[in-house]
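**Student:** Just so it is clear, I am handing over query13.txt, which has compact mmCIF, C-alpha atoms and all ligand atoms.
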# COMPACT_ATOMS: atom_id res chain seq x y z
CA MET X 12 -62.64 -48.66 -73.34
CA ASN X 13 -59.15 -47.26 -73.77
CA THR X 14 -56.48 -47.22 -71.03
CA ARG X 15 -57.43 -43.75 -69.80
CA GLU X 16 -61.15 -44.60 -69.59
CA MET X 17 -60.39 -47.81 -67.68
CA GLN X 18 -58.19 -45.91 -65.24
CA ASP X 19 -60.89 -43.25 -64.69
CA GLU X 20 -63.47 -45.97 -64.03
CA ILE X 21 -61.14 -47.71 -61.51
CA ILE X 22 -60.53 -44.43 -59.68
CA ARG X 23 -64.29 -43.67 -59.56
CA LEU X 24 -65.18 -47.17 -58.35
CA LYS X 25 -62.46 -47.38 -55.70
CA GLN X 26 -63.75 -44.18 -54.12
CA GLU X 27 -67.36 -45.34 -54.32
CA ASN X 28 -66.54 -48.79 -52.84
CA ASP X 29 -63.98 -47.67 -50.22
CA VAL X 30 -61.12 -49.62 -51.80
CA CYS X 31 -57.40 -49.04 -51.37
CA ILE X 32 -55.13 -50.25 -54.19
CA LEU X 33 -51.55 -51.23 -53.27
CA ALA X 34 -49.06 -51.97 -56.06
CA HIS X 35 -45.54 -53.33 -55.95
CA ALA X 36 -43.03 -51.26 -57.90
CA TYR X 37 -42.49 -54.10 -60.41
CA THR X 38 -46.06 -53.90 -61.73
CA SER X 39 -46.68 -52.04 -64.97
CA HIS X 40 -47.06 -48.29 -65.23
CA ASP X 41 -50.78 -48.28 -66.11
CA VAL X 42 -51.42 -50.12 -62.81
CA TRP X 43 -49.16 -47.72 -60.87
CA GLU X 44 -51.26 -44.80 -62.04
CA VAL X 45 -54.43 -46.07 -60.31
CA ALA X 46 -52.73 -47.19 -57.08
CA ASP X 47 -53.01 -45.36 -53.75
CA TYR X 48 -49.55 -46.51 -52.81
CA VAL X 49 -46.66 -47.94 -54.84
CA GLY X 50 -43.49 -49.18 -53.18
CA ASP X 51 -41.12 -51.93 -52.15
CA SER X 52 -42.07 -54.87 -49.96
CA PHE X 53 -41.37 -53.07 -46.68
CA GLY X 54 -43.29 -49.94 -47.70
CA LEU X 55 -46.25 -52.07 -48.79
CA SER X 56 -46.40 -53.85 -45.42
CA GLN X 57 -46.28 -50.52 -43.58
CA GLN X 58 -49.13 -49.18 -45.74
CA ALA X 59 -51.14 -52.37 -45.21
CA ALA X 60 -50.98 -51.84 -41.45
CA LYS X 61 -52.17 -48.21 -41.83
CA ALA X 62 -54.92 -48.43 -44.49
CA SER X 63 -58.38 -47.54 -43.22
CA ASN X 64 -60.42 -48.73 -46.23
CA LYS X 65 -62.86 -51.66 -46.13
CA THR X 66 -61.16 -53.49 -48.99
CA ILE X 67 -57.52 -53.68 -50.08
CA ILE X 68 -56.52 -54.85 -53.55
CA MET X 69 -52.93 -56.07 -53.88
CA CYS X 70 -51.33 -55.75 -57.29
CA GLY X 71 -48.26 -57.90 -56.86
CA VAL X 72 -47.67 -61.51 -55.86
CA ARG X 73 -49.35 -63.85 -53.37
CA PHE X 74 -47.05 -63.46 -50.35
CA MET X 75 -47.65 -59.70 -50.52
CA ALA X 76 -51.44 -60.14 -50.37
CA GLU X 77 -51.02 -62.59 -47.47
CA THR X 78 -48.86 -60.05 -45.60
CA VAL X 79 -51.61 -57.45 -46.08
CA LYS X 80 -54.25 -59.86 -44.74
CA ILE X 81 -52.12 -60.69 -41.69
CA LEU X 82 -51.63 -57.01 -40.91
CA SER X 83 -55.25 -56.08 -41.63
CA PRO X 84 -57.24 -59.17 -40.59
CA ASP X 85 -60.61 -57.39 -40.49
CA LYS X 86 -60.36 -56.12 -44.05
CA LYS X 87 -61.30 -57.83 -47.26
CA VAL X 88 -57.97 -58.42 -49.05
CA LEU X 89 -57.96 -59.34 -52.73
CA LEU X 90 -55.05 -60.53 -54.86
CA ALA X 91 -55.81 -58.95 -58.23
CA ALA X 92 -54.15 -61.74 -60.25
CA PRO X 93 -54.66 -65.00 -58.29
CA GLU X 94 -52.11 -66.87 -60.40
CA ALA X 95 -49.29 -64.46 -59.45
CA GLY X 96 -46.86 -66.20 -57.12
CA CYS X 97 -43.20 -65.69 -56.29
CA PRO X 98 -41.13 -68.74 -57.31
CA MET X 99 -38.59 -67.92 -54.60
CA ALA X 100 -41.31 -68.07 -51.91
CA ASP X 101 -41.87 -71.72 -52.84
CA GLN X 102 -38.20 -72.72 -52.52
CA ILE X 103 -38.47 -73.68 -48.84
CA ASP X 104 -41.40 -75.04 -46.83
CA ALA X 105 -42.00 -75.17 -43.09
CA ASP X 106 -40.89 -78.83 -42.80
CA TRP X 107 -37.48 -78.09 -44.31
CA LEU X 108 -37.03 -75.06 -42.06
CA ARG X 109 -37.94 -77.12 -38.96
CA GLN X 110 -35.25 -79.61 -40.00
CA LEU X 111 -32.67 -76.81 -40.53
CA LYS X 112 -33.48 -75.40 -37.08
CA GLU X 113 -32.89 -78.83 -35.52
CA GLU X 114 -29.57 -79.14 -37.35
CA ASN X 115 -28.50 -75.63 -36.28
CA PRO X 116 -29.44 -75.20 -32.61
CA GLY X 117 -28.84 -71.72 -31.20
CA TYR X 118 -29.38 -70.00 -34.58
CA THR X 119 -32.07 -67.32 -34.96
CA ALA X 120 -34.29 -68.13 -37.95
CA VAL X 121 -34.63 -65.10 -40.20
CA CYS X 122 -36.58 -65.30 -43.45
CA TYR X 123 -36.92 -62.97 -46.39
CA ILE X 124 -40.47 -61.56 -46.64
CA ASN X 125 -40.67 -63.38 -50.01
CA THR X 126 -41.81 -66.60 -48.27
CA THR X 127 -45.13 -68.27 -47.54
CA SER X 128 -47.10 -67.32 -44.42
CA GLU X 129 -46.77 -70.90 -43.19
CA LEU X 130 -42.96 -70.66 -43.38
CA LYS X 131 -43.08 -67.40 -41.40
CA THR X 132 -44.77 -69.21 -38.50
CA GLU X 133 -41.42 -71.03 -37.98
CA CYS X 134 -39.26 -67.86 -38.12
CA ASP X 135 -38.22 -65.42 -35.41
CA VAL X 136 -38.39 -62.43 -37.73
CA CYS X 137 -38.70 -61.67 -41.43
CA VAL X 138 -36.86 -58.94 -43.34
CA THR X 139 -37.09 -57.10 -46.63
CA SER X 140 -34.13 -56.01 -48.72
CA SER X 141 -34.45 -52.45 -47.38
CA SER X 142 -34.69 -53.43 -43.72
CA ALA X 143 -32.49 -56.56 -43.53
CA PRO X 144 -29.06 -55.25 -42.48
CA ASP X 145 -30.48 -52.94 -39.78
CA ILE X 146 -32.79 -55.60 -38.37
CA ILE X 147 -30.11 -58.29 -38.29
CA LYS X 148 -27.68 -55.89 -36.54
CA LYS X 149 -30.34 -55.25 -33.88
CA LEU X 150 -30.96 -58.96 -33.11
CA ASP X 151 -29.44 -60.16 -29.82
CA SER X 152 -28.28 -63.37 -31.49
CA ASP X 153 -25.04 -63.43 -33.49
CA LYS X 154 -25.96 -66.72 -35.19
CA ILE X 155 -28.33 -66.23 -38.12
CA LEU X 156 -30.07 -68.93 -40.16
CA PHE X 157 -31.17 -66.96 -43.23
CA VAL X 158 -33.59 -68.35 -45.86
CA PRO X 159 -34.17 -68.61 -48.78
CA ASP X 160 -32.13 -66.07 -50.83
CA CYS X 161 -28.37 -66.72 -50.44
CA ASN X 162 -27.50 -63.75 -52.68
CA LEU X 163 -29.41 -61.32 -50.50
CA GLY X 164 -28.01 -63.20 -47.48
CA GLY X 165 -24.44 -62.81 -48.74
CA TRP X 166 -24.98 -59.08 -49.30
CA ILE X 167 -26.36 -58.70 -45.74
CA GLN X 168 -23.45 -60.72 -44.32
CA LYS X 169 -20.93 -58.28 -45.85
CA GLN X 170 -22.63 -55.47 -43.92
CA VAL X 171 -22.90 -57.46 -40.69
CA PRO X 172 -19.53 -59.32 -40.70
CA GLU X 173 -19.56 -59.78 -36.94
CA LYS X 174 -22.40 -62.34 -37.20
CA ASP X 175 -22.24 -65.96 -38.34
CA PHE X 176 -24.66 -66.86 -41.18
CA LYS X 177 -26.05 -70.22 -42.31
CA MET X 178 -27.95 -70.18 -45.63
CA ILE X 179 -29.54 -72.40 -48.25
CA LYS X 180 -29.07 -72.02 -52.01
CA GLY X 181 -32.29 -70.15 -52.82
CA GLY X 182 -32.65 -67.09 -55.03
CA CYS X 183 -34.81 -65.01 -57.34
CA PRO X 184 -34.96 -66.49 -60.84
CA THR X 185 -35.41 -63.01 -62.33
CA HIS X 186 -32.42 -61.29 -60.68
CA LEU X 187 -30.20 -64.38 -61.15
CA ARG X 188 -30.31 -63.76 -64.90
CA ALA X 189 -27.96 -60.75 -64.52
CA ARG X 190 -24.29 -61.73 -64.92
CA LYS X 191 -20.89 -60.07 -64.71
CA ALA X 192 -20.75 -60.16 -68.56
CA ASP X 193 -23.95 -58.03 -68.64
CA VAL X 194 -22.30 -55.50 -66.34
CA GLU X 195 -19.17 -55.35 -68.51
CA LYS X 196 -21.27 -54.91 -71.66
CA ALA X 197 -23.53 -52.24 -70.14
CA LYS X 198 -20.57 -50.30 -68.66
CA ALA X 199 -18.76 -50.39 -72.00
CA ALA X 200 -21.88 -49.02 -73.74
CA HIS X 201 -22.54 -46.36 -71.05
CA PRO X 202 -19.19 -45.48 -69.44
CA ASP X 203 -20.57 -42.47 -67.51
CA ALA X 204 -23.55 -44.31 -66.03
CA LEU X 205 -23.77 -45.42 -62.39
CA LEU X 206 -24.76 -49.04 -61.78
CA LEU X 207 -27.67 -49.46 -59.32
CA VAL X 208 -28.64 -53.04 -58.50
CA HIS X 209 -30.93 -55.09 -56.28
CA PRO X 210 -29.19 -57.31 -53.70
CA GLU X 211 -31.10 -60.33 -55.04
CA CYS X 212 -28.50 -60.22 -57.87
CA LEU X 213 -25.43 -62.47 -57.78
CA ALA X 214 -22.41 -61.17 -55.80
CA GLU X 215 -20.46 -60.90 -59.09
CA VAL X 216 -23.00 -58.18 -60.05
CA THR X 217 -23.52 -56.38 -56.70
CA ASP X 218 -19.73 -56.25 -56.18
CA MET X 219 -19.44 -54.11 -59.33
CA SER X 220 -22.29 -51.74 -58.42
CA ASP X 221 -22.20 -48.13 -57.25
CA TYR X 222 -25.28 -48.75 -55.13
CA ALA X 223 -27.21 -51.87 -54.07
CA GLY X 224 -30.60 -51.63 -52.40
CA SER X 225 -34.31 -52.31 -52.51
CA THR X 226 -36.58 -51.18 -55.31
CA THR X 227 -37.43 -47.97 -53.45
CA GLY X 228 -33.78 -47.53 -52.49
CA ILE X 229 -32.73 -47.70 -56.15
CA MET X 230 -35.44 -45.24 -57.19
CA ASN X 231 -34.59 -42.76 -54.44
CA TYR X 232 -30.87 -43.01 -55.20
CA ALA X 233 -31.42 -42.24 -58.91
CA LYS X 234 -33.84 -39.37 -58.18
CA ASN X 235 -31.53 -37.72 -55.63
CA SER X 236 -28.24 -38.27 -57.47
CA ASP X 237 -26.49 -35.52 -59.44
CA ALA X 238 -25.50 -38.15 -62.02
CA LYS X 239 -27.38 -38.12 -65.32
CA GLU X 240 -27.12 -41.76 -66.47
CA PHE X 241 -27.87 -45.03 -64.70
CA ILE X 242 -27.72 -48.74 -65.51
CA ILE X 243 -30.54 -50.41 -63.57
CA GLY X 244 -29.96 -53.95 -62.32
CA THR X 245 -33.40 -54.96 -61.16
CA GLU X 246 -36.80 -55.78 -62.68
CA ASN X 247 -37.12 -53.75 -65.85
CA SER X 248 -40.30 -51.90 -64.85
CA ILE X 249 -38.07 -49.77 -62.64
CA VAL X 250 -36.24 -48.51 -65.74
CA GLN X 251 -39.53 -47.30 -67.18
CA HIS X 252 -40.82 -45.82 -63.91
CA LEU X 253 -37.58 -43.91 -63.43
CA GLN X 254 -37.67 -42.60 -66.97
CA PHE X 255 -41.16 -41.17 -66.28
CA ALA X 256 -40.05 -39.73 -62.92
CA CYS X 257 -36.77 -38.19 -64.17
CA PRO X 258 -37.17 -37.15 -67.81
CA ASP X 259 -33.87 -35.21 -67.73
CA LYS X 260 -31.88 -38.37 -66.86
CA LYS X 261 -31.17 -41.56 -68.83
CA PHE X 262 -31.85 -45.10 -67.61
CA TYR X 263 -30.63 -48.32 -69.22
CA PRO X 264 -31.59 -51.90 -68.26
CA LEU X 265 -28.61 -54.00 -67.10
CA SER X 266 -30.21 -56.81 -69.10
CA LYS X 267 -33.48 -56.90 -71.00
CA ASP X 268 -34.01 -60.37 -69.47
CA LEU X 269 -34.75 -58.95 -66.02
CA VAL X 270 -38.50 -59.30 -66.29
CA CYS X 271 -40.56 -60.94 -63.54
CA HIS X 272 -43.35 -62.72 -65.35
CA ASN X 273 -45.38 -63.02 -62.13
CA MET X 274 -45.31 -59.28 -61.47
CA LYS X 275 -46.60 -58.67 -64.98
CA LEU X 276 -49.65 -60.88 -64.53
CA THR X 277 -51.74 -58.06 -63.02
CA THR X 278 -53.39 -56.19 -65.87
CA LEU X 279 -55.47 -53.03 -65.71
CA GLY X 280 -58.44 -55.22 -66.69
CA ASP X 281 -57.85 -57.37 -63.57
CA VAL X 282 -57.83 -54.25 -61.40
CA LEU X 283 -61.04 -52.96 -62.97
CA ASN X 284 -62.80 -56.30 -62.49
CA CYS X 285 -61.53 -56.43 -58.91
CA VAL X 286 -62.90 -52.99 -57.95
CA LYS X 287 -66.20 -54.02 -59.53
CA GLY X 288 -66.15 -57.07 -57.18
CA GLU X 289 -66.09 -59.48 -60.13
CA ALA X 290 -62.53 -60.84 -59.96
CA GLY X 291 -59.50 -61.35 -57.77
CA GLU X 292 -59.05 -63.92 -55.02
CA GLU X 293 -60.01 -63.08 -51.48
CA ILE X 294 -57.21 -64.12 -49.12
CA HIS X 295 -58.17 -66.49 -46.29
CA LEU X 296 -55.59 -67.94 -43.89
CA SER X 297 -56.10 -70.24 -40.91
CA GLU X 298 -56.03 -68.68 -37.44
CA ASP X 299 -52.81 -70.51 -36.57
CA VAL X 300 -51.01 -69.28 -39.67
CA MET X 301 -52.32 -65.72 -39.15
CA ALA X 302 -51.09 -65.65 -35.55
CA GLY X 303 -47.70 -67.30 -36.21
CA ALA X 304 -46.87 -65.22 -39.27
CA LYS X 305 -48.08 -62.00 -37.59
CA ARG X 306 -45.58 -62.45 -34.78
CA CYS X 307 -42.78 -62.71 -37.37
CA ILE X 308 -43.99 -59.73 -39.47
CA ASP X 309 -44.74 -57.53 -36.41
CA GLU X 310 -41.18 -58.13 -35.21
CA MET X 311 -39.88 -56.92 -38.60
CA ILE X 312 -42.01 -53.76 -38.39
CA ARG X 313 -40.98 -53.13 -34.77
CA LEU X 314 -37.24 -53.57 -35.45
CA GLY X 315 -37.43 -51.80 -38.83
CA GLU X 316 -38.81 -48.54 -37.49
P1 LIG D 401 -38.25 -55.13 -52.78
O1 LIG D 401 -39.52 -54.61 -53.30
O2 LIG D 401 -38.30 -55.19 -51.29
O3 LIG D 401 -37.08 -54.39 -53.28
O4 LIG D 401 -38.14 -56.65 -53.28
C1 LIG D 401 -37.97 -56.96 -54.60
C2 LIG D 401 -38.69 -58.16 -55.02
O5 LIG D 401 -38.16 -59.01 -55.68
C3 LIG D 401 -40.08 -58.30 -54.63
O6 LIG D 401 -40.56 -59.51 -55.04
FE1 LIG D 402 -40.18 -63.32 -56.72
FE2 LIG D 402 -38.03 -62.40 -57.98
FE3 LIG D 402 -40.43 -61.95 -59.02
FE4 LIG D 402 -39.68 -60.70 -56.78
S1 LIG D 402 -38.78 -60.45 -58.80
S2 LIG D 402 -41.65 -61.71 -57.19
S3 LIG D 402 -38.41 -62.30 -55.80
S4 LIG D 402 -39.44 -63.95 -58.73
If you convert what's in this file into structure tokens, what do you get?
Ligand code: 13P
Ligand code: SF4
**Tutor:**
Amino acid sequence: MNTREMQDEIIRLKQENDVCILAHAYTSHDVWEVADYVGDSFGLSQQAAKASNKTIIMCGVRFMAETVKILSPDKKVLLAAPEAGCPMADQIDADWLRQLKEENPGYTAVCYINTTSELKTECDVCVTSSSAPDIIKKLDSDKILFVPDCNLGGWIQKQVPEKDFKMIKGGCPTHLRARKADVEKAKAAHPDALLLVHPECLAEVTDMSDYAGSTTGIMNYAKNSDAKEFIIGTENSIVQHLQFACPDKKFYPLSKDLVCHNMKLTTLGDVLNCVKGEAGEEIHLSEDVMAGAKRCIDEMIRLGE
């Protein structure tokens, strides 16, 4: 079977078996082409809450599939590549957060969506990169305990300077690879290009950008801009997706090292085997975790709309 034949078979089977395929924007383009919805973490959670199909296949990483299950508890939710996790999500566990809350009384616990469901049971609300500044502005509390990504946290803090932030030193190993020296090199090579970056990057990178925002934010900015050239400071799939979407514009990776190995674990073969019912891991969470994490995710959706 070639790529096209596999894609046709996936599309036929997903209709026959009432399956919805959700894909994060960092997955590869052949997977995008068979998905019903592609987007950033916030968009995926909104779609998960709306989907009416019997089965949902998540092409992305584990916390995303868990979020889908929590928002659609009666559906069968499959993680297409069971080994795909987010290393940042494992940087803090519920015990450590309980300890931080004890050490910082009066602080509202806010976590990035890139965390385990168990961790979310200890948080007041979770946020995504696209929703974080708005949600944190709306919180009654002006004392925020933000975990785990201190780079995203620092970027939010600059937009909400009136609030006091406590953070830990977590971060995304993929985005941390981008450095100021990469920005200087890319700008020297492409002096007319705008620099669009993800706020998971270090402050030394976001401070030099023309725009910082979520995956979808970066894509929308590039599509709607009158500029013709862009340096993209996020996972390198976005460079390729944008080049397909805007053939009259030019896109350059900030660094060729910005590849998330976990997001690349989902292959078209995994998706095909999943729609056939022969692969993928069905997500099961305990009732306590489902209820605790749902409260945290529902609060994000409520405040984010
Ligand atoms: P967004 O999709 O919300 O931009 O997050 C990026 C990311 O690193 C997902 O794991
Ligand atoms: Fe996790 Fe970073 Fe990969 Fe996103 S890009 S899944 S935050 S390691």
**Student:** Return as a tab-separated table the residues of chain X lying at most 7 Å from ligand LIG 401 (chain D), together with the closest atom-to-atom pair for each and the distance in Å to one decimal, counting all atoms listed in the file, with rows in chain order and ascending residue number.
**Tutor:**
residue	atom	partner	partner_atom	distance
X:His35	CA	D:LIG401	O1	6.7
X:Ala36	CA	D:LIG401	O1	6.7
X:Gly50	CA	D:LIG401	O1	6.7
X:Asp51	CA	D:LIG401	O1	3.3
X:Ser52	CA	D:LIG401	O2	4.0
X:Phe53	CA	D:LIG401	O2	5.9
X:Cys97	CA	D:LIG401	O6	6.8
X:Asn125	CA	D:LIG401	O6	6.3
X:Thr139	CA	D:LIG401	O2	5.2
X:Ser140	CA	D:LIG401	O2	5.0
X:Ser141	CA	D:LIG401	O2	6.1
X:His209	CA	D:LIG401	O3	6.9
X:Ser225	CA	D:LIG401	O3	3.5
X:Thr226	CA	D:LIG401	O3	3.8
X:Thr227	CA	D:LIG401	O3	6.4
**Student:** Using only C-alpha atoms and all ligand atoms, which residues of the polymer chains come no farther than 10 Å from ligand LIG 402 (chain D)? I'd like the answer as JSON, numbers by chain.
**Tutor:** {"X": [35, 37, 52, 71, 72, 73, 74, 75, 95, 96, 97, 98, 99, 100, 101, 123, 124, 125, 126, 160, 182, 183, 184, 185, 186, 187, 209, 211, 212, 245, 246, 247, 269, 270, 271, 272, 273, 274, 275]}
**Student:** What is the atom CA of X:Val250-atom CA of X:Gly224 distance in Å, reported with one decimal?
**Tutor:** 14.8 Å
**Student:** Around the point (-21.5, -60.7, -57.0) in the file's coordinates, collect all residues with an atom within 10 Å, using all atoms listed in the file, and return them as a PyMOL selection string.
**Tutor:** chain X and resi 162+165-166+189-191+210-220
**Student:** For the selection just defined, write its residues with C-alpha atoms to a file, as a PDB file, in the frame of the given file.
**Tutor:**
ATOM      1  CA  ASN X 162     -27.500 -63.750 -52.680  1.00  0.00           C
ATOM      2  CA  GLY X 165     -24.440 -62.810 -48.740  1.00  0.00           C
ATOM      3  CA  TRP X 166     -24.980 -59.080 -49.300  1.00  0.00           C
ATOM      4  CA  ALA X 189     -27.960 -60.750 -64.520  1.00  0.00           C
ATOM      5  CA  ARG X 190     -24.290 -61.730 -64.920  1.00  0.00           C
ATOM      6  CA  LYS X 191     -20.890 -60.070 -64.710  1.00  0.00           C
ATOM      7  CA  PRO X 210     -29.190 -57.310 -53.700  1.00  0.00           C
ATOM      8  CA  GLU X 211     -31.100 -60.330 -55.040  1.00  0.00           C
ATOM      9  CA  CYS X 212     -28.500 -60.220 -57.870  1.00  0.00           C
ATOM     10  CA  LEU X 213     -25.430 -62.470 -57.780  1.00  0.00           C
ATOM     11  CA  ALA X 214     -22.410 -61.170 -55.800  1.00  0.00           C
ATOM     12  CA  GLU X 215     -20.460 -60.900 -59.090  1.00  0.00           C
ATOM     13  CA  VAL X 216     -23.000 -58.180 -60.050  1.00  0.00           C
ATOM     14  CA  THR X 217     -23.520 -56.380 -56.700  1.00  0.00           C
ATOM     15  CA  ASP X 218     -19.730 -56.250 -56.180  1.00  0.00           C
ATOM     16  CA  MET X 219     -19.440 -54.110 -59.330  1.00  0.00           C
ATOM     17  CA  SER X 220     -22.290 -51.740 -58.420  1.00  0.00           C
TER      18      SER X 220
END
**Student:** Go ahead and compute the interatomic distance for atom CA of X:Ser248 and atom CA of X:Ser266, in Å to one decimal.
**Tutor:**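 Separating atom CA of X:Ser248 from atom CA of X:Ser266 is a distance of 12.0 Å.
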**Student:** Leaving out X:Leu130 and any residue of its chain fewer than 2 positions from it, which residues lie within 9 Å of it when counting all atoms listed in the file, given as an mmCIF file with C-alpha atoms, in the frame of the given file?
**Tutor:**
data_model
loop_
_atom_site.group_PDB
_atom_site.id
_atom_site.type_symbol
_atom_site.label_atom_id
_atom_site.label_comp_id
_atom_site.auth_asym_id
_atom_site.auth_seq_id
_atom_site.Cartn_x
_atom_site.Cartn_y
_atom_site.Cartn_z
ATOM 1 C CA ILE X 103 -38.470 -73.680 -48.840
ATOM 2 C CA ASP X 104 -41.400 -75.040 -46.830
ATOM 3 C CA ALA X 105 -42.000 -75.170 -43.090
ATOM 4 C CA ASP X 106 -40.890 -78.830 -42.800
ATOM 5 C CA LEU X 108 -37.030 -75.060 -42.060
ATOM 6 C CA CYS X 122 -36.580 -65.300 -43.450
ATOM 7 C CA THR X 126 -41.810 -66.600 -48.270
ATOM 8 C CA THR X 127 -45.130 -68.270 -47.540
ATOM 9 C CA SER X 128 -47.100 -67.320 -44.420
ATOM 10 C CA THR X 132 -44.770 -69.210 -38.500
ATOM 11 C CA GLU X 133 -41.420 -71.030 -37.980
ATOM 12 C CA CYS X 134 -39.260 -67.860 -38.120
ATOM 13 C CA VAL X 300 -51.010 -69.280 -39.670
ATOM 14 C CA ALA X 304 -46.870 -65.220 -39.270
#
